[in-house]
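Take a look at the structure below.
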Amino acid sequence: MLHSNNLGQVSIEFMAYFGMLLLIFVAFSPVVFNQTMEVRKQSMAMESRRIATFVEREVNSAVRFGDGYTRRFTVPEKISNHEYNITIYNGTYGKVLEVEWSEGVENRQLIATKIGGYPKPGENNIENSDGLIIFS
């Protein structure tokens, strides 16, 4: 009879430990999930910064090298499997490059004053023709 009581006690202790473990898991799951989402957002922001800086350097290089400069370059199709847009608009102090994705925007100042066309995700061609920077 003693042997049977010990097995019952072990089973109850096991269930108590398992219940505590399950409770800890449930308590920390939202924290881990939030941290994972924050890491994903930061990763997307870093990727957009990298793309914005890369395109900014391409435009500024075309301006610096002058007339006749031509180069083909490629930017990623997506940022962490999300679509994004690259636009250039007139800002307060000149042309501004904007990389916009679902979670935010990244901007860069350009030294070009005249730009034709827009860079797009994927393969691009940039050309300097008499001071006009042309994307195709």
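Labels used: A, B, ... for chains in the order of the structure tokens, numbers from 1 for residues in each chain, and numbers from 1 for ligands as shown.
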
Select from stretch 21-64 of chain A every residue with an atom at most 10 Å from any atom of stretch 80-84 of chain A, then for each give the shortest pair of atoms and their distance in Å to one decimal, using only C-alpha atoms, rows by chain and rising number, as JSON lines.
```
{"residue": "A:Arg40", "atom": "CA", "partner": "A:Ser80", "partner_atom": "CA", "distance": 8.3}
{"residue": "A:Lys41", "atom": "CA", "partner": "A:Ser80", "partner_atom": "CA", "distance": 9.4}
{"residue": "A:Ser43", "atom": "CA", "partner": "A:Ser80", "partner_atom": "CA", "distance": 7.8}
{"residue": "A:Met44", "atom": "CA", "partner": "A:Ser80", "partner_atom": "CA", "distance": 6.2}
{"residue": "A:Ala45", "atom": "CA", "partner": "A:Ser80", "partner_atom": "CA", "distance": 9.8}
{"residue": "A:Glu47", "atom": "CA", "partner": "A:Ser80", "partner_atom": "CA", "distance": 8.1}
{"residue": "A:Ser48", "atom": "CA", "partner": "A:Tyr84", "partner_atom": "CA", "distance": 8.8}
```

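Summary of the local environment: counting only C-alpha atoms, residues at most 12 Å from A:Pro121, other than itself and those fewer than 2 positions away along its chain, are Ser48, Ile51, Ala52, Val55, Phe73, Thr74, Val75, Pro76, Glu77, Lys78, Ile79, His82, Glu83, Tyr84, Asn85, Ile86, Thr87, Val99, Glu100, Trp101, Tyr118, Pro119, Glu123, Asn124, Asn125 and Ser136 of chain A.
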
Please dump the current selection as an mmCIF file, in the first residue's frame; keep C-alpha atoms.
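out-v5.cif was written with the following content:
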```
data_model
loop_
_atom_site.group_PDB
_atom_site.id
_atom_site.type_symbol
_atom_site.label_atom_id
_atom_site.label_comp_id
_atom_site.auth_asym_id
_atom_site.auth_seq_id
_atom_site.Cartn_x
_atom_site.Cartn_y
_atom_site.Cartn_z
ATOM 1 C CA SER A 48 15.464 50.470 -45.867
ATOM 2 C CA ILE A 51 18.708 50.861 -49.744
ATOM 3 C CA ALA A 52 18.245 54.631 -49.273
ATOM 4 C CA VAL A 55 20.550 54.870 -54.110
ATOM 5 C CA PHE A 73 22.673 48.931 -60.443
ATOM 6 C CA THR A 74 20.230 46.667 -58.664
ATOM 7 C CA VAL A 75 18.296 47.239 -55.461
ATOM 8 C CA PRO A 76 16.385 44.466 -53.668
ATOM 9 C CA GLU A 77 12.887 43.651 -54.917
ATOM 10 C CA LYS A 78 11.447 43.569 -51.387
ATOM 11 C CA ILE A 79 12.308 44.554 -47.825
ATOM 12 C CA HIS A 82 7.325 43.460 -48.054
ATOM 13 C CA GLU A 83 6.775 45.772 -51.028
ATOM 14 C CA TYR A 84 8.316 49.240 -50.898
ATOM 15 C CA ASN A 85 8.482 52.394 -53.028
ATOM 16 C CA ILE A 86 11.332 54.707 -53.925
ATOM 17 C CA THR A 87 10.377 58.281 -54.802
ATOM 18 C CA VAL A 99 12.131 54.869 -49.337
ATOM 19 C CA GLU A 100 8.675 54.021 -48.013
ATOM 20 C CA TRP A 101 7.541 50.631 -46.752
ATOM 21 C CA TYR A 118 12.499 57.305 -60.572
ATOM 22 C CA PRO A 119 14.550 54.380 -59.308
ATOM 23 C CA GLU A 123 17.408 46.601 -61.868
ATOM 24 C CA ASN A 124 17.992 50.285 -62.695
ATOM 25 C CA ASN A 125 20.114 52.317 -65.061
ATOM 26 C CA SER A 136 15.595 54.047 -66.734
#
```

Separating atom CA of A:Gly131 from atom CA of A:Thr113, to the nearest tenth of an Å, is a gap of 8.2 Å

Would you list, as a ChimeraX atom specification, the residues of stretch 18-95 of chain A that end up in strand (DSSP E) under DSSP run on this structure's backbone?
/A:70-75,84-91,94-95

Can those selected residues be exported to a file as an mmCIF file, in the first residue's frame so that it contains N, CA, C and O atoms?
```cif
data_model
loop_
_atom_site.group_PDB
_atom_site.id
_atom_site.type_symbol
_atom_site.label_atom_id
_atom_site.label_comp_id
_atom_site.auth_asym_id
_atom_site.auth_seq_id
_atom_site.Cartn_x
_atom_site.Cartn_y
_atom_site.Cartn_z
ATOM 1 N N THR A 70 27.305 56.669 -66.871
ATOM 2 C CA THR A 70 26.234 55.676 -66.977
ATOM 3 C C THR A 70 26.597 54.497 -66.100
ATOM 4 O O THR A 70 27.752 54.071 -66.079
ATOM 5 N N ARG A 71 25.606 53.984 -65.408
ATOM 6 C CA ARG A 71 25.841 52.819 -64.550
ATOM 7 C C ARG A 71 24.542 52.056 -64.369
ATOM 8 O O ARG A 71 23.474 52.628 -64.271
ATOM 9 N N ARG A 72 24.672 50.749 -64.306
ATOM 10 C CA ARG A 72 23.537 49.871 -64.022
ATOM 11 C C ARG A 72 23.700 49.354 -62.596
ATOM 12 O O ARG A 72 24.788 48.940 -62.208
ATOM 13 N N PHE A 73 22.627 49.417 -61.829
ATOM 14 C CA PHE A 73 22.673 48.931 -60.443
ATOM 15 C C PHE A 73 21.360 48.244 -60.103
ATOM 16 O O PHE A 73 20.340 48.455 -60.766
ATOM 17 N N THR A 74 21.408 47.430 -59.083
ATOM 18 C CA THR A 74 20.230 46.667 -58.664
ATOM 19 C C THR A 74 19.975 46.901 -57.182
ATOM 20 O O THR A 74 20.900 46.860 -56.380
ATOM 21 N N VAL A 75 18.711 47.159 -56.866
ATOM 22 C CA VAL A 75 18.296 47.239 -55.461
ATOM 23 C C VAL A 75 17.351 46.072 -55.201
ATOM 24 O O VAL A 75 16.717 45.558 -56.130
ATOM 25 N N TYR A 84 7.928 47.890 -51.281
ATOM 26 C CA TYR A 84 8.316 49.240 -50.898
ATOM 27 C C TYR A 84 8.395 50.116 -52.135
ATOM 28 O O TYR A 84 8.411 49.616 -53.259
ATOM 29 N N ASN A 85 8.412 51.432 -51.930
ATOM 30 C CA ASN A 85 8.482 52.394 -53.028
ATOM 31 C C ASN A 85 9.666 53.323 -52.831
ATOM 32 O O ASN A 85 9.989 53.701 -51.704
ATOM 33 N N ILE A 86 10.266 53.709 -53.942
ATOM 34 C CA ILE A 86 11.332 54.707 -53.925
ATOM 35 C C ILE A 86 10.822 55.903 -54.719
ATOM 36 O O ILE A 86 10.446 55.751 -55.878
ATOM 37 N N THR A 87 10.804 57.067 -54.109
ATOM 38 C CA THR A 87 10.377 58.281 -54.802
ATOM 39 C C THR A 87 11.389 59.391 -54.561
ATOM 40 O O THR A 87 12.132 59.374 -53.569
ATOM 41 N N ILE A 88 11.404 60.334 -55.473
ATOM 42 C CA ILE A 88 12.252 61.519 -55.345
ATOM 43 C C ILE A 88 11.342 62.722 -55.488
ATOM 44 O O ILE A 88 10.550 62.804 -56.425
ATOM 45 N N TYR A 89 11.431 63.646 -54.543
ATOM 46 C CA TYR A 89 10.580 64.830 -54.603
ATOM 47 C C TYR A 89 11.379 66.066 -54.200
ATOM 48 O O TYR A 89 12.482 65.971 -53.672
ATOM 49 N N ASN A 90 10.804 67.224 -54.481
ATOM 50 C CA ASN A 90 11.432 68.490 -54.115
ATOM 51 C C ASN A 90 11.179 68.763 -52.648
ATOM 52 O O ASN A 90 10.035 68.907 -52.230
ATOM 53 N N GLY A 91 12.250 68.819 -51.889
ATOM 54 C CA GLY A 91 12.141 69.133 -50.467
ATOM 55 C C GLY A 91 12.451 70.605 -50.234
ATOM 56 O O GLY A 91 12.622 71.385 -51.181
ATOM 57 N N GLY A 94 16.185 71.086 -51.534
ATOM 58 C CA GLY A 94 16.595 70.378 -52.739
ATOM 59 C C GLY A 94 15.843 69.069 -52.892
ATOM 60 O O GLY A 94 14.792 68.863 -52.292
ATOM 61 N N LYS A 95 16.415 68.191 -53.674
ATOM 62 C CA LYS A 95 15.785 66.894 -53.950
ATOM 63 C C LYS A 95 15.960 65.950 -52.758
ATOM 64 O O LYS A 95 17.019 65.889 -52.148
#
```

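Atom CA of A:Val39 to atom CA of A:Ser102 spans 15.4 Å [interatomic distance, one decimal].
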
From chain A, collect each residue whose DSSP state is helix (DSSP H, G or I) and return the set as number ranges by chain.
A: 2-65

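Restricting the calculation to only C-alpha atoms, the smallest distance between A:Lys114 and any of A:Met15, A:Leu22, A:Ile133, A:Ile126 is found for A:Ile133.
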
Might you pull out every residue within 7 Å of A:Ala62, with only C-alpha atoms counted and same-chain residues fewer than 6 positions away left off, and present them as a list in words?
Tyr69, Glu127 and Asn128 of chain A

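Take atom CA of A:Leu23 and atom CA of A:Val10: the distance between them is 19.7 Å.
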